[in-house]
>>> print(open('work.cif').read())   # mmCIF, C-alpha atoms
data_model
loop_
_atom_site.label_atom_id
_atom_site.label_comp_id
_atom_site.auth_asym_id
_atom_site.auth_seq_id
_atom_site.Cartn_x
_atom_site.Cartn_y
_atom_site.Cartn_z
CA MET B 1 28.06 -8.30 -26.25
CA ARG B 2 25.40 -10.93 -26.84
CA ARG B 3 24.93 -14.52 -27.87
CA SER B 4 22.83 -15.27 -30.96
CA GLY B 5 21.93 -18.32 -32.99
CA PRO B 6 22.80 -21.90 -31.92
CA GLN B 7 24.09 -22.44 -28.40
CA SER B 8 27.41 -23.57 -29.87
CA THR B 9 27.99 -20.15 -31.43
CA PRO B 10 30.59 -18.25 -29.40
CA THR B 11 30.06 -14.77 -28.01
CA ILE B 12 31.45 -12.24 -30.47
CA LEU B 13 31.58 -8.51 -31.02
CA LEU B 14 28.62 -6.51 -32.26
CA PRO B 15 28.57 -3.74 -34.92
CA ASP B 16 28.34 -1.07 -32.22
CA SER B 17 31.91 -1.72 -31.14
CA GLY B 18 34.61 0.91 -31.42
CA THR B 19 36.17 -1.08 -34.24
CA ALA B 20 32.97 -0.97 -36.28
CA ARG B 21 32.62 2.76 -35.68
CA ALA B 22 36.14 3.30 -37.00
CA GLU B 23 35.38 1.17 -40.07
CA ALA B 24 32.28 3.18 -40.84
CA ARG B 25 34.04 6.51 -40.55
CA HIS B 26 37.44 5.79 -41.98
CA GLY B 27 37.05 2.66 -44.10
CA PRO B 28 38.03 -0.96 -43.48
CA THR B 29 40.56 -1.67 -40.76
CA ALA B 30 43.76 -3.58 -41.47
CA GLN B 31 42.55 -6.56 -39.41
CA PRO B 32 40.36 -9.24 -41.02
CA LEU B 33 36.68 -9.11 -40.06
CA LEU B 34 34.63 -12.27 -39.44
CA ILE B 35 30.86 -11.84 -39.75
CA ARG B 36 28.39 -14.52 -38.67
CA ALA B 37 24.74 -14.74 -39.72
CA ARG B 38 22.21 -17.48 -39.14
CA ILE B 39 21.74 -17.68 -42.93
CA VAL B 40 24.23 -16.62 -45.59
CA ALA B 41 22.61 -16.44 -49.05
CA PRO B 42 25.26 -16.05 -51.77
CA VAL B 43 22.39 -16.15 -54.38
CA ALA B 44 24.66 -17.81 -56.95
CA ARG B 45 24.96 -20.87 -54.70
CA PRO B 46 22.75 -22.59 -52.09
CA SER B 47 22.19 -20.74 -48.84
CA ILE B 48 24.29 -21.66 -45.80
CA GLU B 49 22.80 -22.10 -42.34
CA ASP B 50 24.93 -20.79 -39.48
CA GLY B 51 27.16 -19.14 -42.06
CA ALA B 52 30.06 -16.75 -42.01
CA LEU B 53 32.08 -14.39 -44.19
CA LEU B 54 35.69 -13.47 -43.67
CA ILE B 55 36.45 -9.98 -44.98
CA CYS B 56 39.98 -8.70 -45.57
CA GLY B 57 39.99 -4.96 -46.22
CA SER B 58 37.42 -4.36 -48.95
CA LYS B 59 37.34 -7.96 -50.23
CA ILE B 60 35.65 -11.20 -49.23
CA CYS B 61 38.29 -13.79 -48.35
CA ALA B 62 36.11 -16.78 -47.45
CA VAL B 63 32.45 -17.86 -47.32
CA GLY B 64 31.14 -20.95 -45.55
CA ARG B 65 29.77 -22.39 -42.34
CA TRP B 66 30.64 -20.57 -39.14
CA ARG B 67 32.62 -23.40 -37.56
CA GLN B 68 34.64 -23.96 -40.71
CA ILE B 69 35.56 -20.31 -41.22
CA ALA B 70 36.04 -19.47 -37.53
CA SER B 71 38.47 -22.34 -37.03
CA SER B 72 40.86 -20.91 -39.59
CA VAL B 73 40.42 -17.21 -38.96
CA PRO B 74 43.69 -15.26 -38.61
CA ALA B 75 44.75 -14.19 -35.15
CA GLY B 76 43.54 -10.70 -34.28
CA ALA B 77 40.50 -10.83 -36.56
CA HIS B 78 37.48 -8.86 -35.36
CA LYS B 79 34.24 -10.81 -35.00
CA ILE B 80 30.65 -9.66 -35.46
CA ASP B 81 27.51 -11.74 -34.92
CA LEU B 82 24.55 -10.35 -36.84
CA GLY B 83 22.25 -12.97 -35.33
CA GLU B 84 18.86 -13.82 -36.83
CA VAL B 85 19.37 -12.42 -40.31
CA VAL B 86 19.81 -13.42 -43.92
CA LEU B 87 23.12 -12.08 -45.22
CA LEU B 88 23.18 -11.58 -48.98
CA PRO B 89 24.95 -9.53 -51.67
CA GLY B 90 24.21 -5.82 -51.87
CA LEU B 91 21.52 -5.03 -54.44
CA ILE B 92 22.42 -3.55 -57.83
CA ASN B 93 19.97 -1.01 -59.23
CA ALA B 94 20.44 -1.11 -63.01
CA HIS B 95 18.46 2.06 -63.78
CA ALA B 96 17.63 5.12 -61.69
CA HIS B 97 17.03 8.85 -61.98
CA LEU B 98 18.17 10.01 -58.55
CA ASP B 99 17.81 13.67 -59.48
CA TYR B 100 14.01 13.19 -59.90
CA THR B 101 13.50 11.82 -56.37
CA ASP B 102 11.80 14.95 -55.03
CA MET B 103 9.22 14.82 -57.83
CA ALA B 104 7.45 11.96 -56.03
CA GLY B 105 3.70 12.37 -56.32
CA GLN B 106 3.92 15.55 -58.41
CA LEU B 107 3.16 14.04 -61.83
CA VAL B 108 -0.11 12.19 -62.15
CA PRO B 109 -0.25 9.43 -64.79
CA THR B 110 -1.59 10.63 -68.14
CA ARG B 111 -3.39 8.68 -70.85
CA SER B 112 -0.75 9.75 -73.35
CA PHE B 113 2.95 9.06 -72.77
CA THR B 114 3.72 12.11 -74.91
CA ASP B 115 1.67 14.27 -72.55
CA TRP B 116 3.66 12.89 -69.62
CA ILE B 117 6.92 13.90 -71.35
CA LYS B 118 5.55 17.43 -71.57
CA LEU B 119 4.69 17.36 -67.85
CA ILE B 120 8.13 16.29 -66.67
CA THR B 121 9.85 18.68 -69.08
CA GLU B 122 7.84 21.52 -67.58
CA ALA B 123 8.57 20.35 -64.02
CA LYS B 124 12.31 20.18 -64.73
CA SER B 125 12.31 23.68 -66.23
CA GLY B 126 11.37 25.11 -62.83
CA TRP B 127 14.32 23.49 -61.05
CA GLY B 128 17.81 24.86 -60.55
CA PRO B 129 21.12 23.10 -59.86
CA ASP B 130 20.54 23.03 -56.10
CA ASP B 131 17.15 21.37 -56.56
CA PHE B 132 18.59 18.58 -58.70
CA ALA B 133 21.51 18.05 -56.31
CA SER B 134 19.29 17.91 -53.23
CA SER B 135 16.93 15.50 -54.96
CA TRP B 136 19.89 13.31 -56.02
CA ARG B 137 21.21 13.13 -52.46
CA ASN B 138 17.76 12.27 -51.07
CA GLY B 139 17.43 9.44 -53.56
CA ALA B 140 20.90 8.11 -52.78
CA GLU B 141 20.12 8.05 -49.06
CA MET B 142 16.92 6.09 -49.72
CA LEU B 143 18.82 3.51 -51.72
CA VAL B 144 21.49 3.06 -49.03
CA ARG B 145 18.88 2.55 -46.31
CA SER B 146 17.02 -0.03 -48.39
CA GLY B 147 19.94 -2.21 -49.41
CA THR B 148 21.16 -0.94 -52.78
CA THR B 149 24.94 -0.84 -52.87
CA THR B 150 25.49 -0.07 -56.58
CA VAL B 151 23.35 2.13 -58.82
CA ALA B 152 23.42 2.90 -62.54
CA ASP B 153 22.11 6.47 -62.55
CA ILE B 154 21.08 8.74 -65.41
CA GLU B 155 22.64 12.17 -64.96
CA THR B 156 20.37 14.84 -66.38
CA ALA B 157 22.43 17.53 -64.62
CA PRO B 158 26.01 16.19 -64.84
CA ASP B 159 27.49 19.41 -63.46
CA MET B 160 26.65 17.93 -60.03
CA LEU B 161 29.50 15.48 -60.55
CA PRO B 162 31.76 14.68 -58.81
CA ASP B 163 30.43 16.57 -55.76
CA VAL B 164 27.39 14.36 -55.17
CA TRP B 165 29.51 11.22 -55.46
CA ARG B 166 31.36 12.27 -52.32
CA ASP B 167 28.10 12.65 -50.40
CA THR B 168 27.10 8.99 -50.61
CA PRO B 169 28.79 5.66 -49.90
CA LEU B 170 26.93 4.16 -52.89
CA ARG B 171 28.95 2.80 -55.76
CA VAL B 172 27.60 5.04 -58.53
CA ILE B 173 27.88 4.52 -62.26
CA SER B 174 26.75 7.84 -63.71
CA PHE B 175 25.45 7.78 -67.27
CA ILE B 176 25.69 11.26 -68.78
CA GLU B 177 22.49 11.93 -70.68
CA LEU B 178 22.53 13.24 -74.25
CA THR B 179 19.59 14.45 -76.30
CA GLY B 180 19.56 16.15 -79.65
CA VAL B 181 16.13 17.15 -80.97
CA ARG B 182 16.30 20.83 -80.09
CA SER B 183 19.97 21.09 -79.19
CA ARG B 184 21.99 23.64 -81.13
CA ILE B 185 25.16 21.71 -80.33
CA ALA B 186 26.49 19.67 -83.24
CA PRO B 187 26.76 15.91 -82.58
CA GLU B 188 30.55 16.07 -82.96
CA THR B 189 30.74 18.79 -80.32
CA ALA B 190 28.37 16.94 -77.94
CA VAL B 191 30.43 13.75 -78.11
CA LYS B 192 33.71 15.64 -77.69
CA GLU B 193 32.38 17.50 -74.66
CA THR B 194 31.20 14.20 -73.17
CA GLN B 195 34.60 12.64 -73.79
CA ASN B 196 36.28 15.55 -72.01
CA ARG B 197 33.85 15.33 -69.09
CA ILE B 198 34.47 11.61 -68.68
CA ALA B 199 38.23 12.19 -68.74
CA ALA B 200 37.92 14.89 -66.07
CA LEU B 201 35.84 12.60 -63.84
CA SER B 202 38.03 9.53 -64.25
CA SER B 203 39.92 10.20 -61.01
CA GLY B 204 36.74 10.53 -58.94
CA PRO B 205 35.07 7.86 -56.80
CA GLY B 206 32.36 7.07 -59.36
CA ARG B 207 32.36 5.51 -62.81
CA VAL B 208 30.92 7.13 -65.92
CA GLY B 209 28.97 5.93 -68.94
CA VAL B 210 26.88 7.64 -71.61
CA ALA B 211 23.09 7.71 -72.02
CA PRO B 212 21.66 8.80 -75.38
CA HIS B 213 18.21 9.47 -73.98
CA ALA B 214 15.97 7.57 -76.41
CA PRO B 215 15.70 6.95 -80.16
CA TYR B 216 12.89 9.49 -80.46
CA SER B 217 14.84 12.23 -78.67
CA THR B 218 18.37 11.62 -79.99
CA ILE B 219 19.01 12.25 -83.67
CA PRO B 220 20.59 9.43 -85.72
CA ALA B 221 23.86 11.29 -86.26
CA LEU B 222 24.37 11.62 -82.51
CA LEU B 223 23.46 7.97 -81.95
CA ARG B 224 26.04 6.86 -84.51
CA MET B 225 28.78 9.06 -83.06
CA VAL B 226 28.07 7.93 -79.49
CA ALA B 227 28.10 4.29 -80.62
CA GLY B 228 31.43 4.74 -82.38
CA ALA B 229 33.01 6.58 -79.46
CA ALA B 230 31.76 3.92 -77.04
CA ARG B 231 33.35 1.13 -79.07
CA ALA B 232 36.63 3.01 -79.32
CA ARG B 233 36.81 4.01 -75.65
CA GLY B 234 35.07 1.13 -73.92
CA TRP B 235 32.13 3.17 -72.62
CA LEU B 236 29.08 1.58 -71.11
CA LEU B 237 25.87 2.82 -72.72
CA THR B 238 22.25 2.93 -71.64
CA THR B 239 19.14 4.23 -73.36
CA HIS B 240 15.37 4.20 -72.95
CA VAL B 241 13.90 2.25 -75.86
CA ALA B 242 10.46 0.97 -76.86
CA GLU B 243 9.12 2.40 -73.62
CA SER B 244 5.67 3.33 -74.94
CA MET B 245 3.26 2.28 -77.65
CA GLU B 246 3.45 5.85 -78.94
CA GLU B 247 7.18 5.48 -79.53
CA TYR B 248 6.63 2.14 -81.27
CA GLU B 249 3.88 3.65 -83.42
CA MET B 250 6.09 6.61 -84.33
CA PHE B 251 8.86 4.44 -85.75
CA ARG B 252 6.81 1.54 -87.09
CA HIS B 253 3.99 3.49 -88.72
CA ALA B 254 5.15 7.16 -88.81
CA ARG B 255 2.05 8.34 -87.00
CA GLY B 256 0.55 8.91 -83.56
CA PRO B 257 0.78 11.54 -80.78
CA MET B 258 4.57 11.34 -80.37
CA PHE B 259 5.18 11.52 -84.11
CA GLU B 260 2.94 14.58 -84.52
CA TRP B 261 4.34 16.35 -81.45
CA LEU B 262 7.98 15.91 -82.48
CA LYS B 263 7.19 16.85 -86.06
CA ARG B 264 5.70 20.12 -84.83
CA ASN B 265 8.91 20.67 -82.86
CA ASN B 266 11.03 20.43 -86.01
CA ARG B 267 12.42 16.94 -85.53
CA ASP B 268 13.44 15.38 -88.83
CA MET B 269 10.99 12.46 -89.05
CA SER B 270 12.58 10.78 -92.08
CA ASP B 271 13.98 8.00 -89.86
CA CYS B 272 10.43 6.84 -89.03
CA GLY B 273 8.31 4.25 -90.83
CA ASP B 274 8.66 0.47 -91.31
CA ILE B 275 11.16 0.07 -88.49
CA THR B 276 10.89 -0.65 -84.76
CA PRO B 277 12.66 1.46 -82.11
CA VAL B 278 15.04 -1.45 -81.38
CA ALA B 279 15.84 -1.92 -85.07
CA HIS B 280 16.37 1.84 -85.32
CA LEU B 281 19.05 1.63 -82.62
CA ASP B 282 20.67 -1.26 -84.45
CA ARG B 283 20.68 0.66 -87.73
CA ASN B 284 22.64 3.37 -85.95
CA GLY B 285 25.14 0.99 -84.37
CA LEU B 286 24.03 1.23 -80.74
CA LEU B 287 23.17 -2.40 -79.99
CA GLY B 288 25.94 -4.41 -78.35
CA PRO B 289 27.10 -6.04 -75.10
CA ASN B 290 27.94 -2.63 -73.66
CA LEU B 291 24.30 -1.44 -73.88
CA LEU B 292 21.63 -1.54 -71.18
CA ALA B 293 18.29 -1.15 -72.97
CA VAL B 294 15.83 0.28 -70.45
CA HIS B 295 12.12 -0.60 -70.48
CA ALA B 296 11.84 -2.43 -73.85
CA ASN B 297 8.10 -2.76 -73.29
CA TYR B 298 6.94 -2.98 -76.92
CA LEU B 299 8.93 -5.56 -78.83
CA ASP B 300 8.39 -7.63 -81.98
CA PRO B 301 9.74 -11.21 -82.01
CA ASP B 302 12.48 -9.96 -84.34
CA ASP B 303 13.40 -7.30 -81.77
CA ILE B 304 13.87 -9.94 -79.08
CA ALA B 305 16.00 -12.08 -81.39
CA LEU B 306 18.07 -9.00 -82.29
CA LEU B 307 18.65 -8.06 -78.65
CA ALA B 308 19.77 -11.62 -77.92
CA ARG B 309 22.08 -11.79 -80.94
CA LYS B 310 23.74 -8.49 -80.06
CA GLY B 311 24.20 -9.37 -76.38
CA VAL B 312 22.17 -6.40 -75.13
CA SER B 313 20.98 -6.36 -71.50
CA VAL B 314 17.41 -5.24 -70.79
CA VAL B 315 16.38 -3.34 -67.65
CA HIS B 316 12.79 -3.68 -66.44
CA CYS B 317 11.41 -1.15 -63.93
CA PRO B 318 8.29 -2.82 -62.44
CA ARG B 319 6.71 0.09 -60.54
CA SER B 320 7.26 2.49 -63.42
CA HIS B 321 5.74 -0.11 -65.75
CA ARG B 322 2.62 -0.21 -63.59
CA TYR B 323 2.47 3.60 -63.31
CA PHE B 324 2.11 3.89 -67.09
CA ASN B 325 -0.12 0.80 -67.36
CA HIS B 326 2.03 -0.61 -70.15
CA ALA B 327 1.33 -3.85 -71.97
CA PRO B 328 2.67 -6.94 -70.15
CA PHE B 329 6.46 -7.03 -70.06
CA GLN B 330 7.80 -9.87 -72.22
CA TYR B 331 10.05 -11.37 -69.57
CA GLU B 332 9.55 -15.02 -70.47
CA ASN B 333 10.12 -14.36 -74.17
CA LEU B 334 13.32 -12.44 -73.43
CA LEU B 335 14.50 -15.17 -71.08
CA ARG B 336 13.85 -17.94 -73.61
CA ALA B 337 15.82 -16.00 -76.22
CA GLY B 338 18.79 -15.69 -73.87
CA VAL B 339 18.51 -11.95 -73.17
CA ARG B 340 19.92 -10.85 -69.82
CA VAL B 341 17.20 -9.07 -67.81
CA CYS B 342 17.87 -6.83 -64.80
CA LEU B 343 15.65 -4.75 -62.53
CA GLY B 344 15.79 -1.00 -61.89
CA THR B 345 13.80 1.50 -59.87
CA ASP B 346 13.49 4.24 -62.50
CA SER B 347 12.50 7.38 -60.54
CA LEU B 348 9.92 8.39 -57.96
CA ALA B 349 8.37 10.63 -60.62
CA THR B 350 6.93 7.40 -62.07
CA VAL B 351 5.74 5.65 -58.92
CA ILE B 352 2.11 5.62 -57.80
CA VAL B 353 2.09 7.19 -54.34
CA LYS B 354 -0.30 5.35 -52.04
CA ARG B 355 -2.47 7.44 -49.76
CA GLY B 356 -0.93 7.86 -46.33
CA ARG B 357 2.44 6.45 -47.41
CA LYS B 358 5.65 8.12 -48.47
CA ALA B 359 7.11 6.99 -51.77
CA THR B 360 10.67 5.73 -51.48
CA LEU B 361 13.29 4.31 -53.79
CA ASN B 362 13.25 0.74 -52.49
CA PHE B 363 14.35 -2.30 -54.44
CA PHE B 364 12.28 -4.68 -52.31
CA GLU B 365 9.15 -2.93 -53.57
CA GLU B 366 10.36 -3.41 -57.14
CA MET B 367 10.94 -7.11 -56.46
CA ARG B 368 7.46 -7.52 -55.01
CA GLU B 369 5.92 -5.73 -57.98
CA PHE B 370 7.85 -8.04 -60.30
CA ALA B 371 6.67 -11.05 -58.31
CA SER B 372 3.07 -9.90 -58.74
CA GLU B 373 3.66 -9.60 -62.51
CA PHE B 374 5.25 -13.04 -62.70
CA PRO B 375 3.95 -15.09 -59.76
CA ASP B 376 5.40 -18.35 -61.11
CA ARG B 377 9.01 -17.16 -60.98
CA PRO B 378 10.93 -18.45 -57.91
CA PRO B 379 12.25 -15.91 -55.37
CA ARG B 380 15.88 -16.89 -56.01
CA GLU B 381 15.47 -16.02 -59.69
CA ILE B 382 14.09 -12.60 -58.75
CA LEU B 383 17.06 -11.99 -56.46
CA ARG B 384 19.41 -12.76 -59.34
CA LEU B 385 17.78 -9.94 -61.36
CA CYS B 386 19.07 -7.54 -58.67
CA THR B 387 22.49 -9.07 -58.11
CA GLU B 388 24.18 -11.40 -60.62
CA THR B 389 22.59 -10.23 -63.86
CA PRO B 390 23.11 -6.47 -63.39
CA ALA B 391 26.69 -7.15 -62.29
CA ALA B 392 27.24 -8.88 -65.63
CA ALA B 393 25.47 -6.08 -67.54
CA LEU B 394 27.76 -3.52 -65.88
CA ARG B 395 30.88 -5.60 -66.61
CA LEU B 396 31.43 -6.31 -62.94
CA SER B 397 30.76 -10.05 -62.75
CA GLY B 398 32.55 -11.67 -59.85
CA GLN B 399 33.23 -8.27 -58.30
CA ILE B 400 29.78 -7.26 -57.05
CA GLY B 401 26.39 -8.94 -56.80
CA CYS B 402 27.83 -12.08 -55.21
CA LEU B 403 29.30 -13.42 -51.97
CA ALA B 404 32.41 -15.24 -53.09
CA PRO B 405 36.14 -15.14 -52.37
CA GLY B 406 37.73 -12.26 -54.24
CA ALA B 407 34.50 -10.30 -54.60
CA THR B 408 34.09 -6.81 -53.17
CA ALA B 409 32.59 -6.84 -49.67
CA ASP B 410 29.18 -5.43 -50.58
CA LEU B 411 26.54 -7.09 -48.44
CA ILE B 412 23.25 -6.48 -46.67
CA ALA B 413 21.37 -8.21 -43.87
CA ILE B 414 17.61 -8.79 -43.61
CA PRO B 415 15.97 -9.87 -40.33
CA HIS B 416 14.62 -13.43 -40.55
CA GLU B 417 13.78 -15.96 -37.84
CA GLY B 418 12.14 -18.53 -40.10
CA SER B 419 13.51 -21.52 -41.94
CA ILE B 420 16.32 -21.46 -44.47
CA ALA B 421 13.85 -22.77 -47.05
CA ARG B 422 11.84 -19.52 -46.74
CA ALA B 423 14.83 -17.17 -46.64
CA ASP B 424 14.61 -15.96 -50.27
CA GLU B 425 10.90 -15.35 -49.89
CA ALA B 426 11.51 -13.43 -46.66
CA VAL B 427 14.06 -11.19 -48.38
CA ILE B 428 11.62 -10.20 -51.10
CA ALA B 429 8.86 -9.61 -48.52
CA HIS B 430 11.08 -7.31 -46.44
CA GLU B 431 9.81 -3.75 -45.89
CA GLY B 432 11.66 -0.68 -44.72
CA SER B 433 15.37 -0.30 -44.04
CA VAL B 434 17.80 -3.21 -44.04
CA ALA B 435 19.36 -4.31 -40.76
CA VAL B 436 22.92 -3.77 -42.02
CA SER B 437 24.57 -2.60 -45.22
CA MET B 438 28.25 -2.76 -46.10
CA ILE B 439 29.95 -1.34 -49.20
CA ASP B 440 33.63 -1.95 -49.98
CA GLY B 441 34.13 -3.53 -46.56
CA ARG B 442 32.69 -0.48 -44.77
CA PHE B 443 29.50 -0.40 -42.71
CA VAL B 444 27.29 2.28 -44.26
CA TRP B 445 23.93 1.52 -42.63
CA PRO B 446 23.18 1.97 -39.87
CA LEU B 447 26.21 4.06 -39.01
CA PRO B 448 27.48 2.83 -35.61
CA THR B 449 27.40 5.43 -32.86
#
>>> encode(input="work.cif", output="structure tokens")
Amino acid sequence: MRRSGPQSTPTILLPDSGTARAEARHGPTAQPLLIRARIVAPVARPSIEDGALLICGSKICAVGRWRQIASSVPAGAHKIDLGEVVLLPGLINAHAHLDYTDMAGQLVPTRSFTDWIKLITEAKSGWGPDDFASSWRNGAEMLVRSGTTTVADIETAPDMLPDVWRDTPLRVISFIELTGVRSRIAPETAVKETQNRIAALSSGPGRVGVAPHAPYSTIPALLRMVAGAARARGWLLTTHVAESMEEYEMFRHARGPMFEWLKRNNRDMSDCGDITPVAHLDRNGLLGPNLLAVHANYLDPDDIALLARKGVSVVHCPRSHRYFNHAPFQYENLLRAGVRVCLGTDSLATVIVKRGRKATLNFFEEMREFASEFPDRPPREILRLCTETPAAALRLSGQIGCLAPGATADLIAIPHEGSIARADEAVIAHEGSVAVSMIDGRFVWPLPT
């Protein structure tokens, strides 16, 4: 027991109580839970000093000032004072490759993006199912510790599902990856097998979408069939597009290292020439509100207008962008056009590992990298790229990425003893593990003992 915050704040239970231990191990208790924090930052609304959340099961019932909420709390509610922290929504990682986590530091940046593709393809060829699964679990643990509560993950080895879902408290949306350059499987068969896999996984704890890898690696027939199936069945889609200048050059001018490499590998190159990668996706029916377009680093003005018109969300991965030394990301142009932009971590295979430091999947590092790219953007706007906007892109607006009545109780706490005016800035500057993380009304970090 301890007293924290203003002297008027009553003594309340801490997260190391028996009740909190039971919640962490078995899920939310039947009793309401009242959580106090010196600052509650809903992100969508102004921050609240001496704030509180009332949680009923897995949902948020009320958000407001401590005195207001505490005065109307139901009898028998458990109370927790988190003290000198900023309490905010759990972070939503809109693009990750968890199964590449253990490749951190193994792939040095290359001058040619095509050469890097060869490197990672070779690295993956030496891994077996256990390697991918172990790497996935390590990445998931890193995300939990550092405040991510929902992740949109690309599943290169989908046979891991649903087993790895059960090994993490993360809310996982697994996008099953499809490629088709060398595959001997007909597009019809690939889509049917994916449909069957999604049906088989529908009763598991995760959600499933589909990820045609990229326009250069997925033949047009497969893109069209995936797009049609997604419209008919309500699938979420994600794809890497316009990631490199070599990809742009391949489609726009039918030349360059990627064009020549894929041509030598028997890809039909007749879809290249006088078209951008984004326009190529549109020609094959993939652009729409259900698509998360990852990277989108090399865009014409017409591409940006097309993405806006089709309601596509774009996912920017700041540390990966720096790893490849891409041209400046067109954030302001996308924003002005009305395109929804989210942030993702990509994988540790595309993070520059600093000497003497261990690379980790950490959304705060992505936010700081973004802030260095766009120093004029306010901290609250950057926080929205990790909360509100990805929630909308994943069709979960009002359910995650916010602290509001009726929303799922996903929240994290960051230590902060400064002013409320500096709270957003302090969140982005945070390093290491979060003080507390809750998913679905359950404490998941640190686990009470």
>>> residues_around(input="work.cif", residues="segment 422-437 of chain B", least_positions_apart="2", cutoff="6 Å", atoms="all atoms listed in the file", output="ChimeraX atom specification")
/B:145-147,364,379-380,411-414,419-420,443-445
>>> resolve_selection(input="work.cif", expression="the PyMOL selection byres ((chain B and resi 188) around 12)", output="number ranges by chain")
B: 180, 184-187, 189-195, 221-226, 228-229
>>> atom_distance(input="work.cif", atom1="atom CA of Pro162 of chain B", atom2="atom CA of Thr150 of chain B")
16.2 Å
>>> closest_residue(input="work.cif", among="B:Ser72, B:Thr238, B:Asn333, B:Thr149", to="Asn297 of chain B", atoms="only C-alpha atoms")
B:Asn333
>>> resolve_selection(input="work.cif", expression="the PyMOL selection byres ((chain B and resi 363) around 12)", output="ChimeraX atom specification")
/B:90-96,142-151,317-319,342-347,360-362,364-370,382-383,385-387,427-434
>>> closest_residue(input="work.cif", among="B:Ser203, B:Ser58, B:Asn196, B:Thr179", to="Ser217 of chain B", atoms="only C-alpha atoms")
B:Thr179
>>> residues_near_point(input="work.cif", point="(24.6, -10.2, -68.5)", cutoff="7 Å", atoms="all atoms listed in the file", output="count of residues only")
6
>>> atom_distance(input="work.cif", atom1="atom CA of Gln399 of chain B", atom2="atom CA of Ile60 of chain B")
9.8 Å
>>> atom_distance(input="work.cif", atom1="atom CA of Ala371 of chain B", atom2="atom CA of Phe329 of chain B")
12.4 Å
>>> resolve_selection(input="work.cif", expression="the PyMOL selection byres ((chain B and resi 290) around 6)", output="short mmCIF file (atom, residue, chain, number, x, y, z; two decimals) with C-alpha atoms, keeping the file's coordinate frame")
data_model
loop_
_atom_site.label_atom_id
_atom_site.label_comp_id
_atom_site.auth_asym_id
_atom_site.auth_seq_id
_atom_site.Cartn_x
_atom_site.Cartn_y
_atom_site.Cartn_z
CA LEU B 236 29.08 1.58 -71.11
CA LEU B 237 25.87 2.82 -72.72
CA GLY B 288 25.94 -4.41 -78.35
CA PRO B 289 27.10 -6.04 -75.10
CA LEU B 291 24.30 -1.44 -73.88
#
>>> closest_residue(input="work.cif", among="B:Gly418, B:Ala157, B:Val339, B:Ala409", to="Cys61 of chain B", atoms="only C-alpha atoms")
B:Ala409
>>> closest_residue(input="work.cif", among="B:Pro205, B:Gly128, B:Pro378, B:Pro215", to="Leu281 of chain B", atoms="only C-alpha atoms")
B:Pro215
>>> closest_residue(input="work.cif", among="B:Tyr331, B:Leu88, B:Thr110, B:Val341", to="Asp376 of chain B", atoms="all atoms listed in the file")
B:Tyr331
>>> residues_around(input="work.cif", residues="His213 of chain B", least_positions_apart="4", cutoff="7 Å", atoms="only C-alpha atoms", output="VMD selection string")
chain B and resid 177 to 179 217 to 218 239 to 240
>>> closest_residue(input="work.cif", among="B:Leu334, B:Ile219, B:Val312, B:Val108", to="Ser270 of chain B", atoms="only C-alpha atoms")
B:Ile219
>>> build_atoms(input="work.cif", residues="segment 103-113 of chain B", atoms="N, CA and C atoms", output="mmCIF file, in the frame of the given file")
data_model
loop_
_atom_site.group_PDB
_atom_site.id
_atom_site.type_symbol
_atom_site.label_atom_id
_atom_site.label_comp_id
_atom_site.auth_asym_id
_atom_site.auth_seq_id
_atom_site.Cartn_x
_atom_site.Cartn_y
_atom_site.Cartn_z
ATOM 1 N N MET B 103 10.437 14.662 -57.039
ATOM 2 C CA MET B 103 9.220 14.820 -57.830
ATOM 3 C C MET B 103 8.151 13.786 -57.471
ATOM 4 N N ALA B 104 8.405 12.999 -56.432
ATOM 5 C CA ALA B 104 7.450 11.960 -56.030
ATOM 6 C C ALA B 104 6.064 12.549 -55.820
ATOM 7 N N GLY B 105 5.083 11.960 -56.477
ATOM 8 C CA GLY B 105 3.700 12.370 -56.320
ATOM 9 C C GLY B 105 3.299 13.638 -57.047
ATOM 10 N N GLN B 106 4.228 14.279 -57.751
ATOM 11 C CA GLN B 106 3.920 15.550 -58.410
ATOM 12 C C GLN B 106 3.338 15.388 -59.807
ATOM 13 N N LEU B 107 3.599 14.246 -60.443
ATOM 14 C CA LEU B 107 3.160 14.040 -61.830
ATOM 15 C C LEU B 107 2.156 12.897 -61.873
ATOM 16 N N VAL B 108 0.909 13.233 -62.093
ATOM 17 C CA VAL B 108 -0.110 12.190 -62.150
ATOM 18 C C VAL B 108 -0.008 11.463 -63.486
ATOM 19 N N PRO B 109 -0.289 10.155 -63.513
ATOM 20 C CA PRO B 109 -0.250 9.430 -64.790
ATOM 21 C C PRO B 109 -1.195 10.050 -65.807
ATOM 22 N N THR B 110 -0.779 10.095 -67.048
ATOM 23 C CA THR B 110 -1.590 10.630 -68.140
ATOM 24 C C THR B 110 -1.954 9.511 -69.104
ATOM 25 N N ARG B 111 -2.997 9.708 -69.875
ATOM 26 C CA ARG B 111 -3.390 8.680 -70.850
ATOM 27 C C ARG B 111 -2.373 8.595 -71.977
ATOM 28 N N SER B 112 -1.731 9.706 -72.275
ATOM 29 C CA SER B 112 -0.750 9.750 -73.350
ATOM 30 C C SER B 112 0.653 9.864 -72.772
ATOM 31 N N PHE B 113 1.566 8.980 -73.204
ATOM 32 C CA PHE B 113 2.950 9.060 -72.770
ATOM 33 C C PHE B 113 3.574 10.381 -73.216
#
